[in-house]
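Here's the structure we're looking at; comments come further down.
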Amino acid sequence: MELHSLKDSFDRVAKKRKVSYSKTHEVTDLIVQEINKAIKVMQSSTLEYKSELAELKKKLQEVSPLNQLEGAQKELNIALIKYPKALEKVFNRDISKAYQNIEFDSPIVNQIIASHFYRQGLFEVGDCFIAEAQDAEAAVAMRSLFQELYQMLEAMKSQNLEPALKWAAANSNKLKENGSDLQLRIHHLQFVKILQKGSRDEALKYTRTNFASFAGNHMAEIQKLMGCLLYSDRLHESPYAHLLSPTNWDTVTDELTRQFCNLLGQSYESPLSATIAAGIQGLPPLLKFMTVMAGQKHEWQSMKQLPVPVELDKEFQFHSVFVCPVTKEQSTDDNLPMLMSCGHVLCKQSINKMSKNGSKTFKCPYCPTDIDLTQCRQLIF
């Protein structure tokens, strides 16, 4: 990714700046130190100041501040000059040649944008956007749903778990179906919170009331919590001190957000954020390609597939894809992957071509097995 080279350029500038900053402070401290020495001598001496000033001038010349700073400052200036060029190289201002002219469904796009604001907790911004767009009313339903989520998250910031506990209890069956132990984790935090106050009896009562239903699948974890009761007055010095870590709250907050979105049928990440992030990764190779093919923009506009491979990080790979090892082309609805009797996979068109549309057997490109078209099975990715 070209962004990695940009980050390297930025890191070089930051490093050179740090060196220049340190050197400047070092030289400045030496100058101040010599001046203070001279002042003390002049204050305690009855002689004329001329000799002391001459001595000070000599020492400052020995320090040679300009010569010491020149090298570090020069290197910083070179790095600063190169950085804007790296920015211009990576961030092409004109991206029009790398996208296709398609007609957007404005109501859908507005709904996605408004929903994004609500997902981020920016309710006033979302309301303002809907009022100005005038056609994103479908996103209003998302407001109340995510408002409930952010009320729980805001309460957790002040270590109030009651809203989260009520929501988890109301959705306990759905959480179990998803294989989530979120409800137990929230009770876990509440137990530790009670124990931190030194209320051992109250913590034990809370355990008996709320942990019984989890004993079948989480007995080992519950037993660890019971061990905490022995250290109620010094939990931070006990073998269970890790239970006091703030990261436990961060983990539960993250899981609460994930499960809340999951039960709504929504992705954990905002679709708008994921789309923009994937576009940022895919844009540089497309811009490079279109720079080379500058005179053939019309062909690019009519293509059904991207003209060059675009590598995206794993978080943006939501569906399995198959590229035929013979034609080097990605499978499509008209050219699905086919599993051969030997266990290897080729695209349908490649198999049809090698078998002369099923009129003869052919050898697998990977092994010497004779393949009959009638024994190939279609795979759906």
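Following the order of the structure tokens, first chain is A, next is B, and so on, with residues numbered from 1 inside each chain and ligands from 1 in the order they appear.
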
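Neighbouring residues of region 276-287 of chain A at 7 Å or closer, counting only C-alpha atoms and skipping chain neighbours under 2 positions away, are A:Ala98, A:Leu272, A:Ser273, A:Ala274, A:Phe289, A:Met290, A:Thr291, A:Val310, A:Leu312, A:Phe316.
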
Exercise. Once DSSP has gone over the backbone, tell me which residues of region 236-305 of chain A are in helix (DSSP H, G or I), as a PyMOL selection string.
Key: chain A and resi 236-237+241-244+246-263+271-292+294-302

| said: List as a VMD selection string the protein and nucleic acid residues near Leu189 (chain A), meaning an atom at most 10 Å away when only C-alpha atoms are counted, but skip any in the same chain fewer than 6 places from it. | reply: chain A and resid 159 161 195 243 to 244 248 to 249 252

* DSSP strand (DSSP E or B) selection over region 104-341 of chain A, as a ChimeraX atom specification -> /A:323,330,332,335,337-339

Mind writing the picked residues with all heavy atoms as a CSV table (one decimal), in the first residue's frame?
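Output contents, as saved in out-v7.csv:
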chain,number,residue,atom,x,y,z
A,323,VAL,N,-10.6,-17.6,-8.3
A,323,VAL,CA,-10.0,-17.3,-9.6
A,323,VAL,C,-9.5,-18.5,-10.2
A,323,VAL,O,-8.7,-19.3,-9.7
A,323,VAL,CB,-8.8,-16.3,-9.3
A,323,VAL,CG1,-8.1,-16.0,-10.6
A,323,VAL,CG2,-9.3,-15.0,-8.7
A,330,GLN,N,-11.7,-14.3,-12.5
A,330,GLN,CA,-12.5,-14.6,-11.3
A,330,GLN,C,-13.9,-15.2,-11.8
A,330,GLN,O,-14.4,-14.8,-12.8
A,330,GLN,CB,-12.8,-13.3,-10.6
A,330,GLN,CG,-13.6,-13.5,-9.3
A,330,GLN,CD,-13.7,-12.2,-8.5
A,330,GLN,OE1,-12.7,-11.5,-8.3
A,330,GLN,NE2,-14.9,-11.8,-8.1
A,332,THR,N,-17.8,-16.0,-12.1
A,332,THR,CA,-19.0,-15.2,-12.2
A,332,THR,C,-20.2,-16.1,-12.1
A,332,THR,O,-20.1,-17.3,-12.1
A,332,THR,CB,-19.0,-14.4,-13.4
A,332,THR,OG1,-19.1,-15.2,-14.6
A,332,THR,CG2,-17.8,-13.5,-13.6
A,335,ASN,N,-20.0,-18.2,-15.0
A,335,ASN,CA,-18.8,-19.0,-15.1
A,335,ASN,C,-18.4,-19.5,-13.7
A,335,ASN,O,-17.4,-19.1,-13.2
A,335,ASN,CB,-17.7,-18.2,-15.8
A,335,ASN,CG,-16.5,-19.1,-16.0
A,335,ASN,OD1,-16.5,-20.3,-16.2
A,335,ASN,ND2,-15.3,-18.4,-16.1
A,337,PRO,N,-17.4,-21.9,-10.4
A,337,PRO,CA,-16.3,-22.9,-10.2
A,337,PRO,C,-16.9,-24.3,-10.2
A,337,PRO,O,-18.0,-24.5,-9.7
A,337,PRO,CB,-15.7,-22.5,-8.8
A,337,PRO,CG,-16.8,-21.7,-8.2
A,337,PRO,CD,-17.5,-21.0,-9.2
A,338,MET,N,-16.1,-25.3,-10.7
A,338,MET,CA,-16.6,-26.7,-10.7
A,338,MET,C,-15.6,-27.6,-10.0
A,338,MET,O,-14.3,-27.5,-10.3
A,338,MET,CB,-16.7,-27.1,-12.2
A,338,MET,CG,-17.6,-26.3,-13.0
A,338,MET,SD,-19.4,-26.6,-12.7
A,338,MET,CE,-19.6,-28.2,-13.5
A,339,LEU,N,-16.0,-28.5,-9.2
A,339,LEU,CA,-15.2,-29.4,-8.5
A,339,LEU,C,-15.1,-30.7,-9.3
A,339,LEU,O,-16.0,-31.3,-9.6
A,339,LEU,CB,-15.8,-29.8,-7.1
A,339,LEU,CG,-15.0,-30.8,-6.3
A,339,LEU,CD1,-13.6,-30.2,-5.9
A,339,LEU,CD2,-15.8,-31.2,-5.0

Can you tell me which residues surround region 123-128 of chain A at a distance of at most 7 Å, considering only C-alpha atoms, apart from same-chain residues fewer than 5 positions away, and format the answer as a PDB file with all heavy atoms, in the first residue's frame?
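Dumped to result-v2.pdb:
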ATOM      1  N   ALA A 114     -27.262   9.130   7.002  1.00  0.00           N
ATOM      2  CA  ALA A 114     -27.964   9.454   8.252  1.00  0.00           C
ATOM      3  C   ALA A 114     -27.782   8.340   9.277  1.00  0.00           C
ATOM      4  O   ALA A 114     -27.545   8.603  10.469  1.00  0.00           O
ATOM      5  CB  ALA A 114     -29.445   9.681   7.960  1.00  0.00           C
ATOM      6  N   PHE A 117     -24.416   8.545  11.032  1.00  0.00           N
ATOM      7  CA  PHE A 117     -24.365   9.530  12.117  1.00  0.00           C
ATOM      8  C   PHE A 117     -24.989   8.968  13.393  1.00  0.00           C
ATOM      9  O   PHE A 117     -24.456   9.146  14.496  1.00  0.00           O
ATOM     10  CB  PHE A 117     -25.076  10.817  11.709  1.00  0.00           C
ATOM     11  CG  PHE A 117     -24.342  11.610  10.663  1.00  0.00           C
ATOM     12  CD1 PHE A 117     -25.015  12.150   9.579  1.00  0.00           C
ATOM     13  CD2 PHE A 117     -22.973  11.818  10.765  1.00  0.00           C
ATOM     14  CE1 PHE A 117     -24.342  12.890   8.619  1.00  0.00           C
ATOM     15  CE2 PHE A 117     -22.291  12.551   9.804  1.00  0.00           C
ATOM     16  CZ  PHE A 117     -22.974  13.091   8.730  1.00  0.00           C
ATOM     17  N   TYR A 118     -26.131   8.290  13.250  1.00  0.00           N
ATOM     18  CA  TYR A 118     -26.794   7.724  14.424  1.00  0.00           C
ATOM     19  C   TYR A 118     -25.955   6.614  15.054  1.00  0.00           C
ATOM     20  O   TYR A 118     -25.898   6.488  16.280  1.00  0.00           O
ATOM     21  CB  TYR A 118     -28.179   7.195  14.045  1.00  0.00           C
ATOM     22  CG  TYR A 118     -29.167   8.282  13.700  1.00  0.00           C
ATOM     23  CD1 TYR A 118     -30.104   8.113  12.681  1.00  0.00           C
ATOM     24  CD2 TYR A 118     -29.178   9.494  14.387  1.00  0.00           C
ATOM     25  CE1 TYR A 118     -31.007   9.110  12.357  1.00  0.00           C
ATOM     26  CE2 TYR A 118     -30.074  10.494  14.072  1.00  0.00           C
ATOM     27  CZ  TYR A 118     -30.988  10.302  13.056  1.00  0.00           C
ATOM     28  OH  TYR A 118     -31.876  11.292  12.751  1.00  0.00           O
TER      29      TYR A 118
END

Would you mind listing, for every residue of region 55-136 of chain A within 9 Å of region 149-157 of chain A, the two atoms forming the shortest contact and the distance between them in Å to one decimal, using only C-alpha atoms, sorted by chain and ascending residue number, as JSON lines?
{"residue": "A:Arg119", "atom": "CA", "partner": "A:Tyr150", "partner_atom": "CA", "distance": 8.9}
{"residue": "A:Gln120", "atom": "CA", "partner": "A:Tyr150", "partner_atom": "CA", "distance": 8.8}
{"residue": "A:Gly121", "atom": "CA", "partner": "A:Tyr150", "partner_atom": "CA", "distance": 6.5}

Kindly save the residues from that selection, with C-alpha atoms included, as a PDB file, in the first residue's frame.
ATOM      1  CA  ARG A 119     -24.441   4.736  14.734  1.00  0.00           C
ATOM      2  CA  GLN A 120     -21.679   7.102  15.857  1.00  0.00           C
ATOM      3  CA  GLY A 121     -23.924   8.719  18.468  1.00  0.00           C
TER       4      GLY A 121
END

Spatial neighbours of Ile35 (chain A), max dist 10 Å, only C-alpha atoms, sep filter under 4 positions, as a list in words: Asp29, Leu30, Ile31, Ile39, Lys40, Val41, Leu53, Leu56, Lys57, Lys59 and Leu60 of chain A

Excluding Leu6 (chain A) and any residue of its chain fewer than 2 positions from it, enumerate the residues within 12 Å of it, using only C-alpha atoms, and give them as an mmCIF file with N, CA and C atoms, in the first residue's frame.
data_model
loop_
_atom_site.group_PDB
_atom_site.id
_atom_site.type_symbol
_atom_site.label_atom_id
_atom_site.label_comp_id
_atom_site.auth_asym_id
_atom_site.auth_seq_id
_atom_site.Cartn_x
_atom_site.Cartn_y
_atom_site.Cartn_z
ATOM 1 N N MET A 1 0.838 -1.202 0.000
ATOM 2 C CA MET A 1 0.000 0.000 0.000
ATOM 3 C C MET A 1 0.878 1.260 0.000
ATOM 4 N N GLU A 2 0.488 2.224 -0.828
ATOM 5 C CA GLU A 2 1.243 3.463 -0.907
ATOM 6 C C GLU A 2 1.155 4.264 0.389
ATOM 7 N N LEU A 3 0.089 4.042 1.167
ATOM 8 C CA LEU A 3 -0.051 4.769 2.426
ATOM 9 C C LEU A 3 1.073 4.412 3.393
ATOM 10 N N HIS A 4 1.625 3.198 3.260
ATOM 11 C CA HIS A 4 2.739 2.809 4.118
ATOM 12 C C HIS A 4 3.961 3.682 3.834
ATOM 13 N N ASP A 8 5.928 6.276 6.310
ATOM 14 C CA ASP A 8 7.382 6.289 6.496
ATOM 15 C C ASP A 8 7.937 7.707 6.327
ATOM 16 N N SER A 9 7.412 8.440 5.327
ATOM 17 C CA SER A 9 7.858 9.820 5.106
ATOM 18 C C SER A 9 7.514 10.700 6.299
ATOM 19 N N PHE A 10 6.298 10.505 6.812
ATOM 20 C CA PHE A 10 5.884 11.281 7.991
ATOM 21 C C PHE A 10 6.761 10.950 9.191
ATOM 22 N N ASP A 11 7.050 9.663 9.381
ATOM 23 C CA ASP A 11 7.894 9.249 10.509
ATOM 24 C C ASP A 11 9.294 9.859 10.400
ATOM 25 N N ARG A 12 9.812 9.977 9.166
ATOM 26 C CA ARG A 12 11.131 10.586 8.979
ATOM 27 C C ARG A 12 11.108 12.061 9.375
ATOM 28 N N VAL A 13 10.045 12.760 8.965
ATOM 29 C CA VAL A 13 9.913 14.171 9.349
ATOM 30 C C VAL A 13 9.836 14.304 10.868
ATOM 31 N N LYS A 82 10.478 17.151 1.095
ATOM 32 C CA LYS A 82 10.098 15.905 0.423
ATOM 33 C C LYS A 82 8.693 15.445 0.797
ATOM 34 N N TYR A 83 8.240 15.779 1.999
ATOM 35 C CA TYR A 83 6.953 15.264 2.471
ATOM 36 C C TYR A 83 5.766 15.740 1.632
ATOM 37 N N PRO A 84 5.657 17.048 1.297
ATOM 38 C CA PRO A 84 4.533 17.467 0.439
ATOM 39 C C PRO A 84 4.511 16.755 -0.908
ATOM 40 N N LYS A 85 5.717 16.464 -1.444
ATOM 41 C CA LYS A 85 5.779 15.739 -2.716
ATOM 42 C C LYS A 85 5.214 14.326 -2.557
ATOM 43 N N ALA A 86 5.524 13.703 -1.410
ATOM 44 C CA ALA A 86 4.978 12.364 -1.144
ATOM 45 C C ALA A 86 3.459 12.418 -1.005
ATOM 46 N N LEU A 87 2.951 13.485 -0.375
ATOM 47 C CA LEU A 87 1.500 13.663 -0.245
ATOM 48 C C LEU A 87 0.837 13.789 -1.612
ATOM 49 N N GLU A 88 1.418 14.600 -2.477
ATOM 50 C CA GLU A 88 0.852 14.799 -3.806
ATOM 51 C C GLU A 88 0.880 13.512 -4.614
ATOM 52 N N LYS A 89 1.916 12.707 -4.396
ATOM 53 C CA LYS A 89 2.043 11.456 -5.139
ATOM 54 C C LYS A 89 0.969 10.457 -4.741
ATOM 55 N N VAL A 90 0.671 10.398 -3.439
ATOM 56 C CA VAL A 90 -0.302 9.421 -2.931
ATOM 57 C C VAL A 90 -1.729 9.915 -3.102
ATOM 58 N N PHE A 91 -1.968 11.179 -2.729
ATOM 59 C CA PHE A 91 -3.322 11.725 -2.766
ATOM 60 C C PHE A 91 -3.521 12.533 -4.050
#

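From CA of Gln33 (chain A) back to CA of Lys15 (chain A), the distance works out to 27.0 Å.
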
Using only C-alpha atoms, the best pick from A:Asn160, A:Gln378, A:Ser115, A:Asn217 as closest to Gln266 (chain A) would be A:Ser115
